[in-house]
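Printed here is data_33.cif (mmCIF, C-alpha atoms):
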data_model
#
loop_
_atom_site.label_atom_id
_atom_site.label_comp_id
_atom_site.auth_asym_id
_atom_site.auth_seq_id
_atom_site.Cartn_x
_atom_site.Cartn_y
_atom_site.Cartn_z
CA MET A 1 0.00 0.00 0.00
CA PRO A 2 1.30 3.45 -0.83
CA GLU A 3 2.70 5.65 1.84
CA PRO A 4 2.95 9.42 1.32
CA VAL A 5 6.45 10.62 2.13
CA GLU A 6 6.53 14.11 3.57
CA GLN A 7 9.44 16.42 2.85
CA LEU A 8 12.03 16.97 5.55
CA HIS A 9 11.94 20.35 7.25
CA PRO A 10 14.21 22.97 5.59
CA LEU A 11 17.77 23.08 6.89
CA LEU A 12 19.62 26.39 6.95
CA GLY A 13 23.06 24.77 6.82
CA VAL A 14 24.65 27.72 8.64
CA ALA A 15 26.94 27.00 11.59
CA ALA A 16 25.66 28.78 14.68
CA ASP A 17 29.07 30.09 15.73
CA LEU A 18 29.55 31.89 12.37
CA VAL A 19 26.37 33.91 12.49
CA VAL A 20 26.71 37.55 13.45
CA ALA A 21 23.33 39.24 13.55
CA GLY A 22 24.40 42.51 11.96
CA GLU A 23 26.42 40.86 9.21
CA VAL A 24 23.63 38.50 8.24
CA LEU A 25 21.08 41.28 8.23
CA HIS A 26 23.32 43.40 6.00
CA GLU A 27 23.85 40.54 3.54
CA LEU A 28 20.15 39.80 3.34
CA LEU A 29 19.14 43.40 2.76
CA ASP A 30 21.95 44.13 0.29
CA ALA A 31 21.60 41.09 -1.91
CA SER A 32 18.07 39.82 -1.42
CA ALA A 33 17.29 39.52 -5.13
CA LYS A 34 20.47 37.54 -5.79
CA LEU A 35 19.80 35.36 -2.79
CA ILE A 36 16.34 34.46 -4.03
CA ARG A 37 17.73 33.54 -7.43
CA GLU A 38 20.41 31.34 -5.89
CA VAL A 39 17.94 29.57 -3.62
CA ARG A 40 15.64 28.81 -6.51
CA ARG A 41 18.54 27.58 -8.66
CA ARG A 42 20.26 25.34 -6.14
CA ARG A 43 20.19 21.56 -6.32
CA PRO A 44 18.63 19.48 -3.51
CA ASP A 45 22.11 18.53 -2.24
CA GLU A 46 23.37 22.12 -2.08
CA ARG A 47 22.90 25.07 0.22
CA VAL A 48 23.31 28.83 -0.11
CA ASP A 49 26.10 30.22 2.05
CA VAL A 50 24.77 33.55 3.29
CA VAL A 51 27.60 34.40 5.64
CA ALA A 52 30.41 33.84 3.13
CA GLY A 53 29.20 36.80 1.14
CA ASP A 54 29.55 35.27 -2.30
CA LEU A 55 26.20 33.49 -2.16
CA GLY A 56 27.81 30.52 -3.87
CA HIS A 57 26.87 26.89 -3.77
CA GLY A 58 28.39 24.51 -1.26
CA ARG A 59 27.80 20.96 -0.17
CA SER A 60 25.30 20.81 2.63
CA VAL A 61 26.35 19.13 5.85
CA PRO A 62 23.87 16.46 6.95
CA LEU A 63 22.59 17.09 10.44
CA PRO A 64 21.25 14.46 12.84
CA SER A 65 17.85 16.13 12.80
CA ALA A 66 17.50 15.31 9.11
CA ALA A 67 16.82 11.70 10.02
CA VAL A 68 13.67 12.66 11.94
CA ARG A 69 10.78 13.61 9.75
CA ARG A 70 7.59 15.29 10.79
CA LEU A 71 4.55 13.24 11.65
CA THR A 72 2.25 12.68 8.71
CA PRO A 73 -1.51 13.26 9.10
CA ALA A 74 -1.99 9.48 9.11
CA GLU A 75 0.48 9.09 11.96
CA ILE A 76 -1.18 11.88 13.94
CA GLY A 77 -4.46 10.03 13.42
CA LEU A 78 -2.83 6.85 14.74
CA LEU A 79 -1.67 8.64 17.88
CA VAL A 80 -5.16 10.04 18.49
CA THR A 81 -6.59 6.57 17.92
CA VAL A 82 -4.34 4.80 20.41
CA VAL A 83 -4.96 7.46 23.06
CA ILE A 84 -8.72 6.94 22.73
CA TRP A 85 -8.30 3.16 22.67
CA GLY A 86 -6.13 3.32 25.76
CA LEU A 87 -8.83 5.32 27.50
CA ASN A 88 -11.46 2.81 26.40
CA PHE A 89 -10.10 0.05 28.69
CA PRO A 90 -10.76 1.77 32.03
CA LEU A 91 -13.97 3.40 30.79
CA THR A 92 -15.38 0.00 29.82
CA LYS A 93 -14.35 -1.51 33.15
CA TYR A 94 -15.91 1.45 34.97
CA ALA A 95 -19.20 0.99 33.13
CA PHE A 96 -19.28 -2.72 34.03
CA ASP A 97 -18.57 -1.94 37.67
CA HIS A 98 -21.49 0.52 37.73
CA GLY A 99 -24.32 -1.54 36.34
CA PHE A 100 -23.85 -2.18 32.60
CA GLN A 101 -23.85 -5.83 31.55
CA PRO A 102 -20.98 -6.73 29.17
CA LEU A 103 -22.90 -7.89 26.10
CA ALA A 104 -25.60 -5.23 26.54
CA TRP A 105 -22.86 -2.59 26.57
CA SER A 106 -21.15 -3.96 23.49
CA GLY A 107 -24.30 -4.72 21.48
CA LEU A 108 -25.84 -1.28 22.02
CA ARG A 109 -22.54 0.53 21.40
CA PHE A 110 -21.71 -1.20 18.15
CA PHE A 111 -25.21 -1.06 16.74
CA SER A 112 -25.44 2.66 17.57
CA ALA A 113 -22.06 3.28 15.92
CA ALA A 114 -23.17 1.28 12.88
CA LEU A 115 -26.25 3.46 12.41
CA ILE A 116 -24.17 6.64 12.76
CA PHE A 117 -21.56 5.39 10.30
CA ALA A 118 -24.19 4.28 7.79
CA ALA A 119 -25.90 7.68 7.98
CA ILE A 120 -22.61 9.56 7.52
CA THR A 121 -21.58 7.37 4.59
CA LEU A 122 -24.94 7.72 2.85
CA VAL A 123 -24.76 11.50 3.17
CA VAL A 124 -21.17 11.68 1.90
CA GLU A 125 -21.16 8.89 -0.70
CA ARG A 126 -24.89 8.19 -1.25
CA SER A 127 -24.24 4.47 -1.34
CA LEU A 128 -23.07 1.47 0.70
CA ARG A 129 -22.73 -0.78 -2.34
CA MET A 130 -19.83 -3.20 -2.62
CA SER A 131 -19.05 -6.03 -4.99
CA ARG A 132 -20.38 -9.43 -3.97
CA ARG A 133 -16.86 -10.78 -3.48
CA ASP A 134 -15.80 -7.86 -1.26
CA PHE A 135 -19.01 -8.08 0.75
CA LEU A 136 -18.45 -11.77 1.45
CA ILE A 137 -14.87 -11.08 2.51
CA LEU A 138 -16.04 -8.27 4.79
CA LEU A 139 -18.80 -10.49 6.15
CA GLY A 140 -16.32 -13.14 7.22
CA ALA A 141 -13.90 -10.55 8.58
CA SER A 142 -16.66 -8.85 10.59
CA VAL A 143 -17.82 -12.12 12.12
CA VAL A 144 -14.30 -12.74 13.40
CA GLY A 145 -12.96 -9.21 13.89
CA ILE A 146 -16.06 -7.52 15.35
CA TRP A 147 -18.54 -10.11 16.63
CA LEU A 148 -16.19 -12.68 18.18
CA ASN A 149 -13.64 -9.98 18.96
CA GLN A 150 -16.06 -7.96 21.06
CA ILE A 151 -17.52 -10.93 22.89
CA ALA A 152 -14.00 -11.87 23.92
CA PHE A 153 -13.05 -8.28 24.75
CA VAL A 154 -15.97 -7.43 27.04
CA TYR A 155 -15.67 -10.66 29.02
CA ALA A 156 -11.91 -10.19 29.28
CA VAL A 157 -12.48 -6.75 30.81
CA ASP A 158 -15.27 -8.12 32.99
CA THR A 159 -13.22 -11.01 34.42
CA THR A 160 -9.85 -9.29 34.89
CA THR A 161 -8.45 -5.80 35.35
CA ALA A 162 -8.43 -3.06 32.73
CA SER A 163 -4.65 -2.87 33.04
CA THR A 164 -4.24 -6.56 32.28
CA VAL A 165 -6.34 -6.40 29.13
CA ALA A 166 -4.45 -3.30 27.99
CA LEU A 167 -1.13 -5.04 28.58
CA VAL A 168 -2.13 -8.11 26.58
CA PHE A 169 -3.12 -5.87 23.66
CA GLY A 170 0.57 -5.02 23.38
CA THR A 171 0.92 -8.22 21.34
CA LEU A 172 -1.05 -6.62 18.51
CA PRO A 173 2.00 -5.81 16.30
CA ILE A 174 3.19 -9.42 16.43
CA PHE A 175 -0.22 -10.77 15.42
CA THR A 176 -0.57 -8.12 12.73
CA MET A 177 2.77 -8.83 11.11
CA ILE A 178 2.10 -12.56 11.17
CA ALA A 179 -1.31 -12.04 9.54
CA ALA A 180 0.14 -9.61 6.98
CA ARG A 181 2.86 -12.06 6.01
CA LEU A 182 0.46 -15.04 5.81
CA THR A 183 -2.06 -13.17 3.64
CA GLY A 184 0.55 -11.52 1.42
CA VAL A 185 -0.83 -8.05 2.15
CA GLU A 186 2.57 -6.75 3.13
CA ARG A 187 6.13 -7.85 3.66
CA ALA A 188 7.69 -5.92 6.47
CA SER A 189 11.25 -4.64 6.32
CA LYS A 190 13.95 -5.81 8.69
CA ARG A 191 13.64 -2.50 10.50
CA VAL A 192 9.98 -3.17 11.32
CA PHE A 193 10.90 -6.57 12.72
CA ALA A 194 13.64 -4.88 14.74
CA ALA A 195 11.08 -2.40 16.03
CA ALA A 196 8.83 -5.27 17.08
CA LEU A 197 11.77 -6.90 18.87
CA VAL A 198 12.25 -3.66 20.78
CA SER A 199 8.61 -2.99 21.57
CA PHE A 200 7.42 -6.52 22.35
CA PRO A 201 9.88 -7.09 25.24
CA SER A 202 8.87 -3.63 26.42
CA VAL A 203 5.29 -4.89 26.65
CA ALA A 204 6.62 -7.68 28.87
CA LEU A 205 8.27 -5.05 31.06
CA VAL A 206 4.96 -3.22 31.38
CA ALA A 207 3.30 -6.51 32.32
CA LEU A 208 6.01 -7.49 34.80
CA GLY A 209 5.69 -4.09 36.39
CA ALA A 210 2.27 -5.13 37.67
CA HIS A 211 3.76 -6.55 40.89
CA GLY A 212 5.92 -9.04 38.98
CA SER A 213 3.11 -10.83 37.14
CA LEU A 214 -0.07 -10.34 35.16
CA ALA A 215 -2.99 -9.86 37.49
CA GLY A 216 -6.34 -11.41 36.75
CA SER A 217 -7.83 -14.73 35.79
CA PRO A 218 -6.20 -16.98 33.17
CA GLN A 219 -9.52 -17.02 31.31
CA GLY A 220 -9.55 -13.22 31.12
CA ILE A 221 -6.01 -13.14 29.80
CA ALA A 222 -6.81 -15.82 27.20
CA LEU A 223 -9.88 -13.88 26.07
CA ALA A 224 -7.83 -10.68 25.79
CA LEU A 225 -5.24 -12.51 23.69
CA PHE A 226 -7.96 -13.89 21.41
CA SER A 227 -9.47 -10.41 21.07
CA THR A 228 -6.07 -9.01 20.08
CA ALA A 229 -5.47 -11.71 17.47
CA THR A 230 -8.91 -11.34 15.88
CA TRP A 231 -8.56 -7.56 15.62
CA ALA A 232 -5.18 -7.95 13.94
CA ALA A 233 -6.64 -10.42 11.43
CA TYR A 234 -9.61 -8.13 10.72
CA SER A 235 -7.36 -5.12 10.14
CA VAL A 236 -5.13 -7.00 7.71
CA VAL A 237 -7.91 -8.72 5.75
CA ILE A 238 -9.87 -5.55 5.00
CA THR A 239 -6.82 -3.38 4.22
CA PRO A 240 -6.85 -4.17 0.45
CA MET A 241 -10.44 -2.91 0.29
CA MET A 242 -9.21 0.60 1.05
CA SER A 243 -7.94 0.84 -2.52
CA ARG A 244 -11.50 0.31 -3.80
CA TYR A 245 -13.70 1.90 -1.14
CA SER A 246 -13.42 4.70 1.39
CA PRO A 247 -12.82 3.98 5.09
CA PHE A 248 -16.34 5.29 5.69
CA ARG A 249 -17.95 2.67 3.49
CA VAL A 250 -15.84 -0.23 4.73
CA SER A 251 -16.38 0.76 8.37
CA ALA A 252 -20.09 1.34 7.88
CA VAL A 253 -20.73 -2.04 6.27
CA GLY A 254 -18.44 -3.86 8.71
CA LEU A 255 -20.08 -2.23 11.71
CA LEU A 256 -23.58 -2.96 10.38
CA ILE A 257 -22.68 -6.65 10.09
CA GLY A 258 -20.87 -6.91 13.42
CA GLY A 259 -23.24 -4.59 15.27
CA THR A 260 -26.31 -6.52 14.13
CA LEU A 261 -24.76 -9.83 15.23
CA LEU A 262 -23.78 -8.34 18.58
CA LEU A 263 -27.23 -6.84 19.12
CA PHE A 264 -28.85 -10.22 18.44
CA THR A 265 -26.39 -12.01 20.73
CA ALA A 266 -26.85 -9.42 23.47
CA SER A 267 -30.66 -9.39 23.31
CA PRO A 268 -31.13 -11.51 26.48
CA GLN A 269 -28.88 -9.17 28.48
CA ILE A 270 -30.47 -6.08 26.93
CA ALA A 271 -33.90 -7.36 27.97
CA ASP A 272 -32.59 -7.85 31.52
CA GLN A 273 -30.55 -4.63 31.67
CA ASP A 274 -31.50 -1.95 34.19
CA PHE A 275 -31.27 1.27 32.20
CA GLU A 276 -31.76 3.58 35.21
CA LEU A 277 -28.05 4.27 35.41
CA PRO A 278 -26.25 7.43 36.58
CA PRO A 279 -25.93 10.16 33.93
CA ARG A 280 -22.13 9.81 33.94
CA ILE A 281 -22.47 6.21 32.69
CA TRP A 282 -24.56 7.34 29.73
CA LEU A 283 -22.04 10.11 29.07
CA LEU A 284 -19.30 7.45 28.97
CA PHE A 285 -21.48 5.37 26.67
CA ALA A 286 -21.88 8.26 24.21
CA ALA A 287 -18.17 9.10 24.38
CA THR A 288 -17.13 5.52 23.66
CA VAL A 289 -19.55 5.28 20.75
CA LEU A 290 -18.48 8.54 19.09
CA GLY A 291 -14.82 8.35 20.06
CA ALA A 292 -13.71 4.73 20.43
CA LEU A 293 -15.86 3.49 17.55
CA VAL A 294 -16.89 6.20 15.08
CA LEU A 295 -13.82 8.48 15.10
CA THR A 296 -11.14 5.84 15.61
CA ASN A 297 -12.50 3.53 12.90
CA VAL A 298 -12.05 6.27 10.31
CA LEU A 299 -8.62 7.25 11.61
CA TRP A 300 -7.38 3.66 11.98
CA PHE A 301 -8.41 2.36 8.58
CA THR A 302 -7.32 5.53 6.80
CA ALA A 303 -3.92 5.08 8.42
CA LEU A 304 -3.82 1.41 7.40
CA ASP A 305 -4.19 2.50 3.79
CA ARG A 306 -1.47 5.15 4.13
CA VAL A 307 1.25 3.47 6.23
CA GLY A 308 0.42 -0.25 6.14
CA PRO A 309 -0.82 -2.60 8.87
CA SER A 310 2.56 -3.45 10.42
CA ARG A 311 3.60 0.13 11.08
CA ALA A 312 0.09 1.11 12.20
CA SER A 313 0.08 -1.76 14.68
CA LEU A 314 3.34 -0.49 16.21
CA TYR A 315 1.51 2.70 17.18
CA ALA A 316 -1.23 0.55 18.65
CA ASN A 317 1.46 -1.01 20.82
CA LEU A 318 1.33 2.16 22.93
CA GLN A 319 -2.02 0.92 24.23
CA PRO A 320 -0.59 -1.10 27.14
CA PHE A 321 1.17 1.89 28.65
CA LEU A 322 -1.72 4.28 27.98
CA GLY A 323 -4.29 1.79 29.25
CA VAL A 324 -2.39 1.35 32.51
CA LEU A 325 -1.85 5.10 32.82
CA PHE A 326 -5.56 5.87 32.41
CA ALA A 327 -6.42 3.01 34.78
CA VAL A 328 -4.22 4.70 37.39
CA LEU A 329 -6.06 7.98 36.94
CA LEU A 330 -9.61 6.61 36.73
CA LEU A 331 -9.58 3.32 38.64
CA SER A 332 -6.77 3.95 41.13
CA GLU A 333 -4.68 1.08 39.79
CA GLU A 334 -0.94 1.27 40.40
CA LEU A 335 1.75 2.27 37.89
CA THR A 336 5.30 1.13 38.65
CA LEU A 337 8.68 2.36 37.46
CA LEU A 338 9.12 -0.82 35.42
CA GLN A 339 5.90 -0.04 33.54
CA VAL A 340 7.13 3.47 32.78
CA ILE A 341 10.38 2.02 31.39
CA GLY A 342 8.38 -0.43 29.29
CA GLY A 343 6.24 2.39 27.90
CA LEU A 344 9.37 4.29 26.87
CA GLY A 345 10.64 1.13 25.17
CA ILE A 346 7.39 0.85 23.20
CA ALA A 347 7.78 4.44 22.05
CA THR A 348 11.35 3.65 20.98
CA GLY A 349 10.07 0.82 18.82
CA ILE A 350 7.74 3.21 17.03
CA VAL A 351 10.60 5.65 16.36
CA VAL A 352 12.70 2.81 14.93
CA ALA A 353 9.86 1.75 12.61
CA ARG A 354 9.27 5.31 11.36
CA SER A 355 12.82 5.76 10.07
CA ARG A 356 12.24 3.46 7.07
CA ARG A 357 9.32 2.68 4.80
CA ILE A 358 7.56 -0.68 4.82
CA ILE A 359 7.69 -2.40 1.44
CA PRO A 360 4.24 -3.32 0.07
CA ALA A 361 3.97 -6.86 -1.21
CA ALA A 362 2.76 -5.63 -4.59
CA GLU A 363 5.99 -3.74 -5.32
#
Could you write out this structure as structure tokens?
Amino acid sequence: MPEPVEQLHPLLGVAADLVVAGEVLHELLDASAKLIREVRRRRPDERVDVVAGDLGHGRSVPLPSAAVRRLTPAEIGLLVTVVIWGLNFPLTKYAFDHGFQPLAWSGLRFFSAALIFAAITLVVERSLRMSRRDFLILLGASVVGIWLNQIAFVYAVDTTTASTVALVFGTLPIFTMIAARLTGVERASKRVFAAALVSFPSVALVALGAHGSLAGSPQGIALALFSTATWAAYSVVITPMMSRYSPFRVSAVGLLIGGTLLLFTASPQIADQDFELPPRIWLLFAATVLGALVLTNVLWFTALDRVGPSRASLYANLQPFLGVLFAVLLLSEELTLLQVIGGLGIATGIVVARSRRIIPAAE
């Protein structure tokens, strides 16, 4: 999949110890027209030497900062997405602890998001049509990546701590790269594998920081692991569709399929649910629908199309640290020094991955 490459920020190429304010100002005012012509005429590997006075061409000196490019819009969207997803762990746990049943929560959330997405897509694109083949692929992906994924997720959160589920989701890049390689969607560069080798042990550090072991039931941890794997598979399988349809259409159809299945599955709990809940719970419900489902689906799948599933999943690997951090703030769970170190390691893995492009399988 194509990745837009942004230009590096302009480099002046002037040594700081050679710049004298008055001299530079004089040169700029006295020869501005010539300077403009030289700048426009220079080659990409040359710079204009203002201080020397002759405005000639000289080889530019590469600076360390040249290796760090600015965040692309897709990468900014990924960061926003993982922050919201990290917040979703403690918010979901909080809702369960204050009266919402797991399947009722998930079924109502996803079906509400599906209706919103379908309405937005119909307004923008006036159609939800897809080819029969793509619809069948999306149907299978939604059964696994939304329906089964959410059943596993809500019961993982219900049976263990929010921190534990967030920590387990740190395995997402590994599952994503495996799925991408198996399906032929993408072949990751050695640098991406190196980034995974940096970030995955960092996830273990975050986990070990929770008093030396993962807290919670083995069943909850297994469900969280299954939820992570199914989301990775879903993300990879539907990525090729982004070249034929917009993220709005793919998300709308996928959410309609998964949301309808979840609503049907959750119907017994919905019938038994006490809806006289505190206003703050309904505020959380609305925030998780509009934020964790509607907004992040557009941002996530747009980013998948721009940067590829493997690199996108490395950003998602920030979820363990953010999930624990938000759990500390909202649920009074503890955050240890080892978890902080692990979070910094995860961020390092993302920086490593960003310094090279991932090679699409089609190239």
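Residues selected in this file by the PyMOL selection byres ((chain A and resi 320) around 9) comprise Gly86, Ser163, Thr164, Val165, Ala166, Leu167, Val168, Phe169, Gly170, Val203, Val206, Ala207, Ala316, Asn317, Leu318, Gln319, Phe321, Leu322, Gly323, Val324, Leu325 and Gly343 of chain A.
Here atom CA of A:Leu337 is placed at a distance of 24.7 Å from atom CA of A:Tyr94.
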I'd like the contact shell of stretch 102-107 of chain A - 8 Å cut-off, all atoms listed in the file, skipping same-chain residues fewer than 6 positions apart - returned as a ChimeraX atom specification. /A:96,150-151,154-155,158,259-260,262-267,269-270,273
Shell of 6 Å around stretch 242-247 of chain A, all atoms listed in the file, local chain residues under 4 positions omitted, as a PyMOL selection string: chain A and resi 251+298+301-302
Atom CA of A:Ala233 to atom CA of A:Ala179 measures 5.9 Å
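Distances from A:Arg129, A:Arg181, A:Lys93, A:Arg311 to A:Arg249 were compared using all atoms listed in the file, and the smallest one belongs to A:Arg129.
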